[in-house]
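> Just passing along the structure, written as structure tokens.
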Amino acid sequence: MSTATQVAYLFTALCFILALKGLSSPKHARNGNLIGALGATVAVVVTVSQRHLGHRVPIIIAIVAGAVIAVPAARVVKMTAIPQMVAMFNGVGGGAAMLVALDEFLRLHRVDSTAAAIAVAFTAIVGSVSFTGSLITFAKLQELMTGRPILVPGARFVTPLVGIGAVGCGIAAVATASGKTGGVTFLVICTLLALGLGVLFVLPVGGADVPVVISLLNAFTGLTVAASGYVLDNTLLIVAGTLVGASGTMLTLLMARAMGRSITGVLFGAFSGGSTAGSTAEVVSSDRAVKSAGADDIAILLAYARKVAIVPGYGLAVAQAQHTIRELVDLLESRGVEVFYAIHPVAGRMPGHMNVLLAEANVPYEQLKEMDDANPEFSSTDVAVVVGANDVVNPAARDSAGSPIYGMPILNVDEATNVVFMKRSMRPGFAGIDNALLYHPKTTLFFGDAKDSLSKLVAAVKAI
Amino acid sequence: MNNVGLLTIFMLSIFVGFEVISKVSAVLHTPLMSGANAIHGIILVGAILITGTSSGGVQLTLGLVAVVLATANMVGGFVVTDRMLEMFKGRGKAAKATSKADAASKADADRRPS
């Protein structure tokens, strides 16, 4: 590798660090991402123009093909579907790392040390798990299959066995790597088992836990890239892969903490029945009385309030009602009502997802209050409007120790003087459990599609 | 580079990774995940290097498939992250962009049967 190439790689590594650093503030985030893209482009151009590179034309065609597939997909994806898009891109990245490892193993003269052989086996296993695991999370979020945990009969024994088998074959491949074709068979079996492991690993995870797994698999892919960097003696891959591994691990922990769940609970919860969306029966107490009202009543409630809190959830995004709610908020503000949005860390389907969705509707981020800033405000709030959210305002998470979501930090909407729930039906939320707040005397329900309901409210407030 | 040298880089990168990420605002967690996702698409460099030195059909095929997947990961990741971040605007800019976005969303709603 020439010095010029190495300097270019150093430049790219710096770009990646600056890209992640840029994401610490909304002002610089976009530039940060563009710096990252610039760095990546430099690295790829430099690599392709290396003098000794063979098969240059097929490689360039393959790059163009990859871009032609990915760019339209990334451009047209709806903001509500971002989590599964990230899962898909992460999966193909893991698949690429796995293939690089297999290819590396085939040319045994390159795998000249045991350490490198171990790194190859590690990449093959973890890359495979990341690949199939991500595809399953994609299928769950895209609703190609049920989002609820799937328990394969005997999974409690089969999954560890497959895992042990994969690691065992990996070790066997490393031990026999010195021969002419030795180890290849073992590594192929190891990879196949690891592909199966990815499926078995993610199937029992369901509901709100899925995004946590995407984040974890993201960190996994980062580590495989770092391991590939070790095998290829390429410092850029080591730096970039490790950065992603570290950030992904951190983010996974932050996500799990925001949900009041432990990582082991997320990954293995279904086996002990403790998953948020586990076997919990859908206890819908339809016999209990609820109070519902029409647009005019609620419009009066809102228009004459001093302070209104908006609590948006995924339902808002599904109904594509972000713009309509901004219209309502603008209208209320012009009447002198103080309005703020209270954003739960896991509102939407990923941490920060709701911020993206509201940003899409040009809601200034200064109006958004994070949970810790929002909670002290509720006791002085006249009306809290919950749009398409349920679990993140369920007092059971705070008060009833037996609830599956007990311990998850919530928005204390029940402290507001009035609560308005905009819901399509009495169906429970993502976690599949009932919400006692719906039956509270201070709660008013407003049934209907979030967008229709909000449009009616806008019209009713205008008419006052 | 020798093993200790590579290990040193690995260890330092872990600390840089934690240090840089711990300051990321919670508002930006989704773009962060997506941006980090794009960065590990740099496996493309590894895929190119290995394809460029491959001999035989199997090695070449594996390498080229890896190049396609890695490119999809990297390019798609950066594009989708940019789309998200483009939308984060402060109060001043948001007001300006509002009318345009409203028009766009109306056109959107017309096209899409609800």
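Letters A, B, ... go to the chains of the structure tokens in the order shown; residues in each chain start at 1; ligands are counted from 1 in the same order.
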Near chain A, meaning an atom within 6 Å, which residues of chain B appear when counting only C-alpha atoms? Write them as a VMD selection string.

chain B and resid 13 to 14 17 to 18 20 to 21 23 to 25 27 to 30 34 36 40 to 41 43 45 47 52 to 53 59 62 66 68 to 73 76 80 85 87 to 88 90 to 91 94

> Can you pull out every residue from range 211-457 of chain A that DSSP, working from the backbone, puts in strand (DSSP E or B), and format the result as a PyMOL selection string?

chain A and resi 292+307-312+338-343+368-370+383-387+418-423+443-447

> Filtering to C-alpha atoms, could you give me those residues as a JSON list (two decimals), in the first residue's frame?


[["chain", "number", "residue", "atom", "x", "y", "z"],
["A", 292, "SER", "CA", -65.71, 10.30, 24.43],
["A", 307, "LYS", "CA", -51.04, 25.56, 28.44],
["A", 308, "VAL", "CA", -51.36, 22.54, 26.17],
["A", 309, "ALA", "CA", -49.01, 19.57, 25.84],
["A", 310, "ILE", "CA", -48.95, 17.47, 22.68],
["A", 311, "VAL", "CA", -47.80, 13.87, 23.16],
["A", 312, "PRO", "CA", -47.23, 12.36, 19.71],
["A", 338, "GLU", "CA", -48.68, 28.03, 25.33],
["A", 339, "VAL", "CA", -48.00, 24.76, 23.50],
["A", 340, "PHE", "CA", -45.15, 22.28, 23.75],
["A", 341, "TYR", "CA", -44.53, 18.81, 22.38],
["A", 342, "ALA", "CA", -43.54, 16.17, 24.94],
["A", 343, "ILE", "CA", -41.35, 13.56, 23.28],
["A", 368, "LEU", "CA", -39.87, 19.75, 21.43],
["A", 369, "LYS", "CA", -39.34, 18.85, 25.07],
["A", 370, "GLU", "CA", -37.50, 15.70, 26.08],
["A", 383, "VAL", "CA", -54.79, 19.82, 28.50],
["A", 384, "ALA", "CA", -52.50, 17.02, 27.42],
["A", 385, "VAL", "CA", -53.35, 15.75, 23.95],
["A", 386, "VAL", "CA", -52.12, 12.22, 23.30],
["A", 387, "VAL", "CA", -52.09, 11.47, 19.58],
["A", 418, "ASN", "CA", -57.42, 17.17, 31.36],
["A", 419, "VAL", "CA", -56.26, 14.41, 29.07],
["A", 420, "VAL", "CA", -57.45, 13.96, 25.50],
["A", 421, "PHE", "CA", -56.67, 10.67, 23.80],
["A", 422, "MET", "CA", -56.95, 10.57, 20.02],
["A", 423, "LYS", "CA", -57.27, 6.93, 19.09],
["A", 443, "THR", "CA", -59.79, 11.60, 30.26],
["A", 444, "THR", "CA", -61.74, 12.33, 27.09],
["A", 445, "LEU", "CA", -61.46, 10.05, 24.08],
["A", 446, "PHE", "CA", -61.70, 11.27, 20.53],
["A", 447, "PHE", "CA", -62.07, 8.31, 18.19]]
